[in-house]
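Student: Quick one, start.cif (mmCIF, C-alpha atoms):
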```cif
data_final
#
loop_
_atom_site.label_atom_id
_atom_site.label_comp_id
_atom_site.auth_asym_id
_atom_site.auth_seq_id
_atom_site.Cartn_x
_atom_site.Cartn_y
_atom_site.Cartn_z
CA MET A 1 -169.93 194.46 117.84
CA ASP A 2 -172.94 192.12 117.50
CA THR A 3 -173.91 192.20 121.17
CA PRO A 4 -173.79 195.21 123.51
CA LEU A 5 -171.28 195.41 126.32
CA ARG A 6 -172.69 194.52 129.72
CA PRO A 7 -172.86 197.45 132.14
CA LYS A 8 -169.92 197.56 134.53
CA ARG A 9 -170.89 196.15 137.93
CA LEU A 10 -170.06 198.29 140.93
CA SER A 11 -167.80 196.49 143.40
CA PRO A 12 -167.95 197.20 147.13
CA GLN A 13 -164.82 199.29 146.69
CA ALA A 14 -166.48 201.29 143.89
CA LEU A 15 -169.54 201.94 146.07
CA LEU A 16 -167.28 203.09 148.89
CA ALA A 17 -165.40 205.42 146.53
CA ALA A 18 -168.66 206.80 145.14
CA SER A 19 -169.98 207.43 148.66
CA ALA A 20 -166.80 209.25 149.60
CA VAL A 21 -167.06 211.45 146.52
CA THR A 22 -170.72 212.18 147.23
CA LEU A 23 -170.02 213.23 150.81
CA SER A 24 -167.20 215.47 149.62
CA VAL A 25 -169.38 217.05 146.96
CA LEU A 26 -172.24 217.77 149.36
CA SER A 27 -169.91 219.84 151.52
CA MET A 28 -168.92 222.18 148.67
CA PRO A 29 -170.53 225.44 147.49
CA GLY A 30 -172.73 225.36 144.40
CA VAL A 31 -170.31 226.02 141.55
CA ALA A 32 -167.47 223.94 142.95
CA GLN A 33 -170.00 221.23 143.74
CA ALA A 34 -171.11 221.01 140.11
CA GLN A 35 -167.54 220.92 138.86
CA GLN A 36 -166.56 218.14 141.28
CA SER A 37 -169.62 216.10 140.37
CA SER A 38 -168.73 216.32 136.68
CA THR A 39 -165.08 215.31 137.00
CA ALA A 40 -165.80 212.54 139.51
CA GLU A 41 -167.72 210.66 136.84
CA LEU A 42 -164.86 210.49 134.37
CA PRO A 43 -163.67 206.89 133.77
CA ILE A 44 -159.97 207.31 134.53
CA ALA A 45 -157.80 204.57 136.03
CA VAL A 46 -154.10 203.76 136.56
CA GLN A 47 -152.21 200.66 135.46
CA ILE A 48 -150.25 199.75 138.58
CA TYR A 49 -147.32 198.60 136.43
CA THR A 50 -146.55 202.32 136.13
CA LEU A 51 -145.84 202.42 139.88
CA ARG A 52 -143.95 199.13 140.15
CA ASP A 53 -140.73 200.84 141.35
CA PHE A 54 -142.57 203.16 143.74
CA GLY A 55 -142.41 202.53 147.48
CA ASN A 56 -140.56 200.34 149.94
CA TRP A 57 -139.74 197.14 148.07
CA GLU A 58 -138.43 195.33 151.16
CA GLU A 59 -142.00 194.09 151.64
CA GLN A 60 -144.52 193.61 148.80
CA LEU A 61 -147.63 194.51 150.76
CA ALA A 62 -146.06 197.68 152.14
CA ALA A 63 -144.95 198.69 148.64
CA LEU A 64 -148.42 198.12 147.23
CA GLU A 65 -149.93 200.20 150.01
CA GLU A 66 -147.64 203.09 149.08
CA GLN A 67 -148.55 202.70 145.41
CA LEU A 68 -152.29 202.74 146.06
CA ALA A 69 -151.89 205.73 148.36
CA ALA A 70 -150.18 207.54 145.47
CA VAL A 71 -153.11 206.72 143.18
CA ASN A 72 -155.48 208.16 145.76
CA ARG A 73 -153.37 211.32 146.11
CA ALA A 74 -153.44 211.71 142.33
CA GLY A 75 -157.23 212.00 142.53
CA ILE A 76 -157.93 208.68 140.80
CA SER A 77 -160.33 206.05 142.16
CA ALA A 78 -159.77 203.06 139.85
CA ILE A 79 -156.85 200.77 139.05
CA GLU A 80 -155.83 198.01 136.67
CA THR A 81 -153.76 195.41 138.48
CA VAL A 82 -150.86 193.24 137.36
CA GLY A 83 -152.17 189.79 138.21
CA THR A 84 -152.65 189.38 141.95
CA GLN A 85 -150.01 192.03 142.76
CA GLU A 86 -148.44 189.18 144.75
CA VAL A 87 -150.87 189.64 147.64
CA SER A 88 -153.96 187.77 148.80
CA ALA A 89 -157.47 188.88 147.84
CA GLU A 90 -158.08 189.76 151.50
CA GLU A 91 -154.98 191.94 151.63
CA LEU A 92 -155.84 193.68 148.38
CA ASN A 93 -159.44 194.29 149.47
CA ALA A 94 -158.23 195.91 152.68
CA LEU A 95 -156.00 198.29 150.72
CA LEU A 96 -158.74 199.06 148.20
CA GLU A 97 -161.09 199.99 151.03
CA GLU A 98 -158.43 202.06 152.80
CA HIS A 99 -157.67 204.11 149.67
CA ALA A 100 -161.21 204.20 148.19
CA LEU A 101 -160.25 202.36 145.02
CA GLU A 102 -161.84 199.78 142.72
CA VAL A 103 -160.25 197.27 140.34
CA ILE A 104 -161.63 197.67 136.81
CA SER A 105 -159.31 195.21 135.03
CA SER A 106 -156.43 192.87 135.70
CA HIS A 107 -153.53 192.07 133.38
CA VAL A 108 -153.43 188.28 133.29
CA GLN A 109 -150.82 186.31 131.39
CA LEU A 110 -152.04 183.96 128.66
CA ASP A 111 -150.51 181.01 130.50
CA ASP A 112 -152.71 181.76 133.52
CA LEU A 113 -155.80 181.87 131.31
CA ARG A 114 -154.84 178.54 129.76
CA ASN A 115 -153.79 176.69 132.91
CA ARG A 116 -155.07 178.52 136.00
CA LEU A 117 -158.38 179.99 134.91
CA ASP A 118 -160.41 178.86 137.93
CA GLU A 119 -157.94 180.35 140.40
CA THR A 120 -157.71 183.56 138.37
CA VAL A 121 -161.49 183.96 138.26
CA ALA A 122 -161.81 183.24 141.99
CA PHE A 123 -159.23 185.89 142.93
CA ASN A 124 -160.82 188.55 140.73
CA GLN A 125 -164.33 187.73 141.92
CA ALA A 126 -163.07 188.25 145.45
CA VAL A 127 -161.76 191.75 144.67
CA GLY A 128 -164.81 192.84 142.64
CA ASN A 129 -163.20 192.79 139.19
CA ASP A 130 -164.91 191.29 136.13
CA THR A 131 -162.48 192.06 133.28
CA LEU A 132 -159.28 190.11 132.52
CA THR A 133 -156.84 191.50 129.96
CA VAL A 134 -154.06 189.69 128.10
CA PRO A 135 -151.17 192.16 128.47
CA TYR A 136 -148.29 190.87 126.37
CA LEU A 137 -147.01 187.99 124.29
CA ALA A 138 -143.44 186.82 124.76
CA GLU A 139 -141.47 186.61 121.53
CA ASP A 140 -141.73 182.83 121.34
CA ALA A 141 -145.53 183.06 121.72
CA ARG A 142 -146.10 185.56 118.89
CA PRO A 143 -147.58 184.17 115.68
CA SER A 144 -145.65 184.87 112.49
CA ASP A 145 -148.42 184.58 109.89
CA VAL A 146 -152.13 185.12 109.36
CA GLU A 147 -152.99 181.54 110.27
CA GLY A 148 -151.17 181.84 113.57
CA TRP A 149 -152.92 185.07 114.54
CA GLN A 150 -156.25 183.58 113.58
CA ALA A 151 -155.59 180.48 115.65
CA LEU A 152 -154.71 182.62 118.66
CA GLY A 153 -157.84 184.68 118.08
CA GLU A 154 -159.99 181.55 118.01
CA GLU A 155 -158.44 180.39 121.28
CA LEU A 156 -159.06 183.75 122.94
CA GLY A 157 -162.63 183.72 121.65
CA GLU A 158 -163.18 180.36 123.32
CA ILE A 159 -161.68 181.61 126.59
CA ALA A 160 -163.87 184.73 126.37
CA ALA A 161 -166.97 182.56 125.95
CA THR A 162 -165.98 180.48 128.98
CA LEU A 163 -165.43 183.63 131.03
CA ASP A 164 -168.73 185.09 129.87
CA ALA A 165 -170.55 182.17 131.48
CA GLU A 166 -168.85 183.17 134.77
CA GLY A 167 -169.84 186.83 134.43
CA PHE A 168 -166.37 187.89 133.24
CA ARG A 169 -165.03 189.63 130.16
CA LEU A 170 -161.76 189.14 128.27
CA ALA A 171 -159.75 191.92 126.63
CA TYR A 172 -156.46 192.05 124.72
CA HIS A 173 -153.78 194.74 125.05
CA ASN A 174 -151.48 195.52 122.13
CA HIS A 175 -147.88 196.59 121.64
CA ASP A 176 -146.27 197.48 118.31
CA PHE A 177 -145.68 193.92 117.05
CA GLU A 178 -149.44 193.42 116.54
CA MET A 179 -149.33 196.34 114.10
CA GLU A 180 -147.54 194.23 111.47
CA GLU A 181 -149.73 193.87 108.40
CA TYR A 182 -150.73 190.65 106.64
CA ASP A 183 -152.99 190.76 103.59
CA GLY A 184 -153.93 194.38 104.22
CA LYS A 185 -154.86 193.97 107.88
CA THR A 186 -152.85 194.24 111.06
CA ALA A 187 -152.16 191.13 113.10
CA LEU A 188 -154.38 192.58 115.82
CA GLU A 189 -157.32 192.80 113.42
CA HIS A 190 -156.83 189.23 112.24
CA LEU A 191 -156.83 188.14 115.89
CA PHE A 192 -160.07 190.01 116.61
CA ASP A 193 -161.76 188.83 113.41
CA ALA A 194 -161.15 185.23 114.46
CA ALA A 195 -162.04 185.76 118.13
CA GLY A 196 -165.51 187.15 117.53
CA SER A 197 -167.40 189.83 119.39
CA ASP A 198 -166.81 188.49 122.92
CA LEU A 199 -163.17 189.65 122.90
CA LEU A 200 -162.68 193.30 123.83
CA ALA A 201 -159.83 195.65 122.91
CA GLU A 202 -157.53 197.56 125.22
CA LEU A 203 -155.65 199.74 122.74
CA ASP A 204 -152.34 201.23 123.82
CA ILE A 205 -152.28 204.55 122.00
CA ALA A 206 -148.51 205.11 122.17
CA TRP A 207 -147.77 201.62 120.84
CA VAL A 208 -150.30 202.03 118.02
CA ALA A 209 -148.41 205.15 116.94
CA ARG A 210 -145.06 203.42 117.27
CA GLY A 211 -146.40 200.67 115.05
CA GLY A 212 -146.87 203.20 112.27
CA PHE A 213 -150.61 203.88 112.54
CA ASP A 214 -152.61 207.01 113.22
CA PRO A 215 -154.47 206.42 116.53
CA VAL A 216 -157.28 208.72 115.37
CA GLU A 217 -158.13 206.32 112.56
CA TYR A 218 -157.07 203.08 114.19
CA VAL A 219 -159.36 203.28 117.22
CA SER A 220 -162.36 203.43 114.89
CA ARG A 221 -161.57 199.88 113.75
CA PHE A 222 -162.60 198.65 117.22
CA ASP A 223 -165.76 200.72 117.65
CA GLY A 224 -168.12 198.78 119.91
CA GLN A 225 -165.38 196.52 121.27
CA LEU A 226 -163.19 199.18 122.88
CA PHE A 227 -163.10 198.34 126.57
CA ALA A 228 -160.24 200.73 127.32
CA VAL A 229 -157.29 202.67 126.01
CA HIS A 230 -153.92 202.93 127.66
CA ALA A 231 -153.45 206.67 127.72
CA LYS A 232 -149.75 206.94 127.05
CA ASP A 233 -147.64 209.50 125.18
CA ASN A 234 -144.46 209.28 123.09
CA ALA A 235 -141.56 211.70 123.56
CA PRO A 236 -139.95 213.31 120.52
CA GLU A 237 -137.78 210.81 118.65
CA GLY A 238 -134.31 210.49 120.13
CA THR A 239 -135.29 211.98 123.51
CA ALA A 240 -136.26 210.57 126.93
CA GLU A 241 -134.19 207.46 126.31
CA GLU A 242 -133.98 206.82 130.05
CA GLU A 243 -137.80 206.62 130.01
CA GLY A 244 -138.05 204.30 127.04
CA GLY A 245 -138.93 207.21 124.77
CA PHE A 246 -142.26 207.74 126.54
CA ALA A 247 -143.57 211.04 127.92
CA THR A 248 -146.01 212.22 130.55
CA LEU A 249 -149.48 212.34 129.05
CA GLY A 250 -149.99 215.54 127.08
CA GLU A 251 -146.29 216.42 127.06
CA GLY A 252 -145.27 214.26 124.11
CA VAL A 253 -145.82 214.32 120.36
CA LEU A 254 -149.24 212.69 120.10
CA ASP A 255 -152.14 214.93 119.05
CA TRP A 256 -154.59 214.35 121.90
CA ASP A 257 -156.92 217.09 120.68
CA ALA A 258 -157.62 214.81 117.72
CA ILE A 259 -157.15 211.43 119.45
CA LEU A 260 -159.49 211.94 122.40
CA PRO A 261 -162.59 212.77 120.31
CA ALA A 262 -161.93 209.66 118.21
CA ILE A 263 -161.69 207.53 121.34
CA GLU A 264 -164.90 209.02 122.70
CA ALA A 265 -166.63 208.32 119.37
CA ALA A 266 -165.56 204.66 119.62
CA ASP A 267 -167.54 204.36 122.88
CA VAL A 268 -164.59 203.59 125.16
CA GLU A 269 -165.29 202.52 128.74
CA TRP A 270 -162.03 203.47 130.48
CA TYR A 271 -158.94 205.64 130.08
CA ILE A 272 -156.07 203.88 131.84
CA ILE A 273 -152.96 205.99 132.49
CA GLU A 274 -149.72 204.10 131.93
CA HIS A 275 -146.02 204.85 131.47
CA ASP A 276 -143.61 201.97 130.90
CA MET A 277 -140.45 203.54 132.39
CA PRO A 278 -141.26 206.67 134.42
CA LEU A 279 -138.60 208.52 136.35
CA ASP A 280 -141.29 210.01 138.62
CA SER A 281 -144.31 207.72 138.53
CA GLU A 282 -146.45 209.69 140.97
CA ALA A 283 -145.98 212.86 138.91
CA VAL A 284 -146.85 210.91 135.75
CA ILE A 285 -150.20 209.72 137.10
CA THR A 286 -151.04 213.01 138.83
CA GLU A 287 -150.29 215.14 135.78
CA GLY A 288 -151.87 212.58 133.47
CA ASN A 289 -155.09 212.66 135.47
CA SER A 290 -155.17 216.47 135.43
CA PHE A 291 -154.67 216.43 131.67
CA LEU A 292 -157.47 213.93 131.06
CA GLN A 293 -159.83 215.65 133.48
CA GLU A 294 -159.44 218.94 131.66
CA LYS A 295 -159.67 217.53 128.14
CA LEU A 296 -162.49 215.04 128.75
CA THR A 297 -164.58 217.48 130.76
CA ALA A 298 -164.38 219.98 127.91
CA LEU A 299 -165.22 217.31 125.32
CA ARG A 300 -168.21 216.01 127.23
CA GLU A 301 -169.59 219.49 127.79
CA GLU A 302 -169.62 220.29 124.06
#
```
Mind converting the file's structure to structure tokens?
Tutor:
Amino acid sequence: MDTPLRPKRLSPQALLAASAVTLSVLSMPGVAQAQQSSTAELPIAVQIYTLRDFGNWEEQLAALEEQLAAVNRAGISAIETVGTQEVSAEELNALLEEHALEVISSHVQLDDLRNRLDETVAFNQAVGNDTLTVPYLAEDARPSDVEGWQALGEELGEIAATLDAEGFRLAYHNHDFEMEEYDGKTALEHLFDAAGSDLLAELDIAWVARGGFDPVEYVSRFDGQLFAVHAKDNAPEGTAEEEGGFATLGEGVLDWDAILPAIEAADVEWYIIEHDMPLDSEAVITEGNSFLQEKLTALREE
């Protein structure tokens, strides 16, 4: 990347979470205190889409409160939202404060970036978030050739430049269809080549593997532009069909002992736990956090 990433600003919710952690740490004995201090610094978040079926769905705000409470119970202090989560900024801020959470990214549809950018920026400013991520392209919006991917990349580069002037960043999240190759490069690479260095990558590790690529090698192609990875695992082929073929992090077929060092080497900012179709979403995020805490702590102590 030609220009360095700006340091992540701490939102009021992040400061509150940090204060809570500090108070907790100060009350612990020496060894436990050191261990808690180390793990508290790990950049682990949850994509709230994982918890979309969790809670009382008779009322959106009540359901979201249950979801954020589950994130807190899992020992995680950061989230990636799905748009506005269908609540007001004031309502979301109240829940963030209650559960000691911060928003580190929001999945924002391309149509909102094209047609409702001012409103999108205003909402995210109000909740302390400065990173917007394109999450998905509907089939009729997916380019079918190099020129199309380049044109989309140029458009996203222009949006990223506009957002930069407002103190925001733009990222793009992949599925498997961006892994199709044209002229020796994946569609995702053509998009990023055309977008320029302002566009950041949010690589979904499970979808990279499903697209036929080795995540260990593929993440290196975005060194310096890797805002986040979606930490997601694939179940053995032909299993877990009721969960879309996905697995709880660390319980699937992906080689995380090789993948995590490659991600760390690519200077990632965040690990975002996600599962597309979990049967037990709270267990998925709780066990996923424990897995990442153990693996990342060991890596960073080497």
Student: Can you turn the PyMOL selection byres ((chain A and resi 89) around 7) into a concrete residue list for this file, as a list in words?
Tutor: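 Selection result, ordered by chain and number: Val87, Ser88, Glu90, Glu91, Leu92, Asn93, Phe123, Ala126 and Val127 of chain A.
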Student: Once you have the residues from the selection above, write them out as a CSV table (one decimal), in the coordinates of the input, restricted to C-alpha atoms.
Tutor:
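Writing done, so here's selection-v9.csv:
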```
chain,number,residue,atom,x,y,z
A,87,VAL,CA,-150.9,189.6,147.6
A,88,SER,CA,-154.0,187.8,148.8
A,90,GLU,CA,-158.1,189.8,151.5
A,91,GLU,CA,-155.0,191.9,151.6
A,92,LEU,CA,-155.8,193.7,148.4
A,93,ASN,CA,-159.4,194.3,149.5
A,123,PHE,CA,-159.2,185.9,142.9
A,126,ALA,CA,-163.1,188.2,145.4
A,127,VAL,CA,-161.8,191.8,144.7
```
Student: Using all atoms listed in the file, which residue out of A:Ile259, A:Ala231, A:Ala194, A:Ala138 lies closest to Asp276 in chain A?
Tutor: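 Closest to Asp276 in chain A, using all atoms listed in the file: A:Ala231.
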Student: Check which residues satisfy the PyMOL selection byres ((chain A and resi 95) around 12) in the file shown, then give them as number ranges by chain.
Tutor: A: 13, 61-69, 71-72, 79, 85, 87-94, 96-103, 127
Student: Could you write out that same residue set with C-alpha atoms as a compact mmCIF listing (two decimals), in the frame of the given file?
Tutor:
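And here is the file that came out, result-v5.txt:
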```txt
# COMPACT_ATOMS: atom_id res chain seq x y z
CA GLN A 13 -164.82 199.29 146.69
CA LEU A 61 -147.63 194.51 150.76
CA ALA A 62 -146.06 197.68 152.14
CA ALA A 63 -144.95 198.69 148.64
CA LEU A 64 -148.42 198.12 147.23
CA GLU A 65 -149.93 200.20 150.01
CA GLU A 66 -147.64 203.09 149.08
CA GLN A 67 -148.55 202.70 145.41
CA LEU A 68 -152.29 202.74 146.06
CA ALA A 69 -151.89 205.73 148.36
CA VAL A 71 -153.11 206.72 143.18
CA ASN A 72 -155.48 208.16 145.76
CA ILE A 79 -156.85 200.77 139.05
CA GLN A 85 -150.01 192.03 142.76
CA VAL A 87 -150.87 189.64 147.64
CA SER A 88 -153.96 187.77 148.80
CA ALA A 89 -157.47 188.88 147.84
CA GLU A 90 -158.08 189.76 151.50
CA GLU A 91 -154.98 191.94 151.63
CA LEU A 92 -155.84 193.68 148.38
CA ASN A 93 -159.44 194.29 149.47
CA ALA A 94 -158.23 195.91 152.68
CA LEU A 96 -158.74 199.06 148.20
CA GLU A 97 -161.09 199.99 151.03
CA GLU A 98 -158.43 202.06 152.80
CA HIS A 99 -157.67 204.11 149.67
CA ALA A 100 -161.21 204.20 148.19
CA LEU A 101 -160.25 202.36 145.02
CA GLU A 102 -161.84 199.78 142.72
CA VAL A 103 -160.25 197.27 140.34
CA VAL A 127 -161.76 191.75 144.67
```
Student: I'd like the interatomic distance between CA of Glu242 in chain A and CA of Gln60 in chain A, to a tenth of an Å.
Tutor: 25.2 Å
Student: On this structure, the PyMOL selection byres ((chain A and resi 227) around 6) would catch which residues? List them as a list in words, sorted by chain and number.
Tutor: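 Selection result, ordered by chain and number: Leu200, Ala201, Glu202, Leu226, Ala228, Val268 and Glu269 of chain A.
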Student: Could you jot down the CA of Ile44 in chain A to CA of Thr131 in chain A separation for me, Å, one decimal place?
Tutor: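 Going from CA of Ile44 in chain A over to CA of Thr131 in chain A covers 15.5 Å.
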Student: Rebuild range 236-251 of chain A to N, CA, C and O atoms - output it as a PDB file, in the coordinates of the input, please.
Tutor:
```pdb
ATOM      1  N   PRO A 236    -140.554 213.104 121.831  1.00  0.00           N
ATOM      2  CA  PRO A 236    -139.950 213.310 120.520  1.00  0.00           C
ATOM      3  C   PRO A 236    -138.854 212.273 120.251  1.00  0.00           C
ATOM      4  O   PRO A 236    -138.137 211.861 121.171  1.00  0.00           O
ATOM      5  N   GLU A 237    -138.745 211.856 119.005  1.00  0.00           N
ATOM      6  CA  GLU A 237    -137.780 210.810 118.650  1.00  0.00           C
ATOM      7  C   GLU A 237    -136.369 211.204 119.067  1.00  0.00           C
ATOM      8  O   GLU A 237    -135.920 212.331 118.867  1.00  0.00           O
ATOM      9  N   GLY A 238    -135.684 210.257 119.694  1.00  0.00           N
ATOM     10  CA  GLY A 238    -134.310 210.490 120.130  1.00  0.00           C
ATOM     11  C   GLY A 238    -134.189 211.134 121.505  1.00  0.00           C
ATOM     12  O   GLY A 238    -133.070 211.391 121.966  1.00  0.00           O
ATOM     13  N   THR A 239    -135.326 211.376 122.179  1.00  0.00           N
ATOM     14  CA  THR A 239    -135.290 211.980 123.510  1.00  0.00           C
ATOM     15  C   THR A 239    -135.864 210.996 124.536  1.00  0.00           C
ATOM     16  O   THR A 239    -136.434 209.970 124.179  1.00  0.00           O
ATOM     17  N   ALA A 240    -135.716 211.351 125.808  1.00  0.00           N
ATOM     18  CA  ALA A 240    -136.260 210.570 126.930  1.00  0.00           C
ATOM     19  C   ALA A 240    -135.868 209.100 126.850  1.00  0.00           C
ATOM     20  O   ALA A 240    -136.657 208.213 127.167  1.00  0.00           O
ATOM     21  N   GLU A 241    -134.633 208.847 126.445  1.00  0.00           N
ATOM     22  CA  GLU A 241    -134.190 207.460 126.310  1.00  0.00           C
ATOM     23  C   GLU A 241    -134.211 206.719 127.636  1.00  0.00           C
ATOM     24  O   GLU A 241    -134.484 205.515 127.683  1.00  0.00           O
ATOM     25  N   GLU A 242    -133.962 207.456 128.737  1.00  0.00           N
ATOM     26  CA  GLU A 242    -133.980 206.820 130.050  1.00  0.00           C
ATOM     27  C   GLU A 242    -135.403 206.447 130.474  1.00  0.00           C
ATOM     28  O   GLU A 242    -135.598 205.711 131.451  1.00  0.00           O
ATOM     29  N   GLU A 243    -136.398 206.953 129.742  1.00  0.00           N
ATOM     30  CA  GLU A 243    -137.800 206.620 130.010  1.00  0.00           C
ATOM     31  C   GLU A 243    -138.414 205.815 128.864  1.00  0.00           C
ATOM     32  O   GLU A 243    -139.622 205.813 128.677  1.00  0.00           O
ATOM     33  N   GLY A 244    -137.552 205.135 128.127  1.00  0.00           N
ATOM     34  CA  GLY A 244    -138.050 204.300 127.040  1.00  0.00           C
ATOM     35  C   GLY A 244    -138.638 205.077 125.883  1.00  0.00           C
ATOM     36  O   GLY A 244    -139.354 204.508 125.043  1.00  0.00           O
ATOM     37  N   GLY A 245    -138.369 206.379 125.830  1.00  0.00           N
ATOM     38  CA  GLY A 245    -138.930 207.210 124.770  1.00  0.00           C
ATOM     39  C   GLY A 245    -140.375 207.618 125.013  1.00  0.00           C
ATOM     40  O   GLY A 245    -141.013 208.194 124.122  1.00  0.00           O
ATOM     41  N   PHE A 246    -140.888 207.348 126.215  1.00  0.00           N
ATOM     42  CA  PHE A 246    -142.260 207.740 126.540  1.00  0.00           C
ATOM     43  C   PHE A 246    -142.256 209.089 127.259  1.00  0.00           C
ATOM     44  O   PHE A 246    -141.235 209.533 127.788  1.00  0.00           O
ATOM     45  N   ALA A 247    -143.426 209.728 127.285  1.00  0.00           N
ATOM     46  CA  ALA A 247    -143.570 211.040 127.920  1.00  0.00           C
ATOM     47  C   ALA A 247    -144.788 211.053 128.815  1.00  0.00           C
ATOM     48  O   ALA A 247    -145.695 210.225 128.672  1.00  0.00           O
ATOM     49  N   THR A 248    -144.808 211.994 129.757  1.00  0.00           N
ATOM     50  CA  THR A 248    -146.010 212.220 130.550  1.00  0.00           C
ATOM     51  C   THR A 248    -147.147 212.603 129.619  1.00  0.00           C
ATOM     52  O   THR A 248    -146.954 213.319 128.644  1.00  0.00           O
ATOM     53  N   LEU A 249    -148.324 212.113 129.912  1.00  0.00           N
ATOM     54  CA  LEU A 249    -149.480 212.340 129.050  1.00  0.00           C
ATOM     55  C   LEU A 249    -149.695 213.827 128.776  1.00  0.00           C
ATOM     56  O   LEU A 249    -149.741 214.642 129.698  1.00  0.00           O
ATOM     57  N   GLY A 250    -149.789 214.163 127.486  1.00  0.00           N
ATOM     58  CA  GLY A 250    -149.990 215.540 127.080  1.00  0.00           C
ATOM     59  C   GLY A 250    -148.720 216.324 126.872  1.00  0.00           C
ATOM     60  O   GLY A 250    -148.765 217.465 126.393  1.00  0.00           O
ATOM     61  N   GLU A 251    -147.571 215.732 127.212  1.00  0.00           N
ATOM     62  CA  GLU A 251    -146.290 216.420 127.060  1.00  0.00           C
ATOM     63  C   GLU A 251    -145.450 215.843 125.938  1.00  0.00           C
ATOM     64  O   GLU A 251    -144.301 216.241 125.755  1.00  0.00           O
TER      65      GLU A 251
END
```
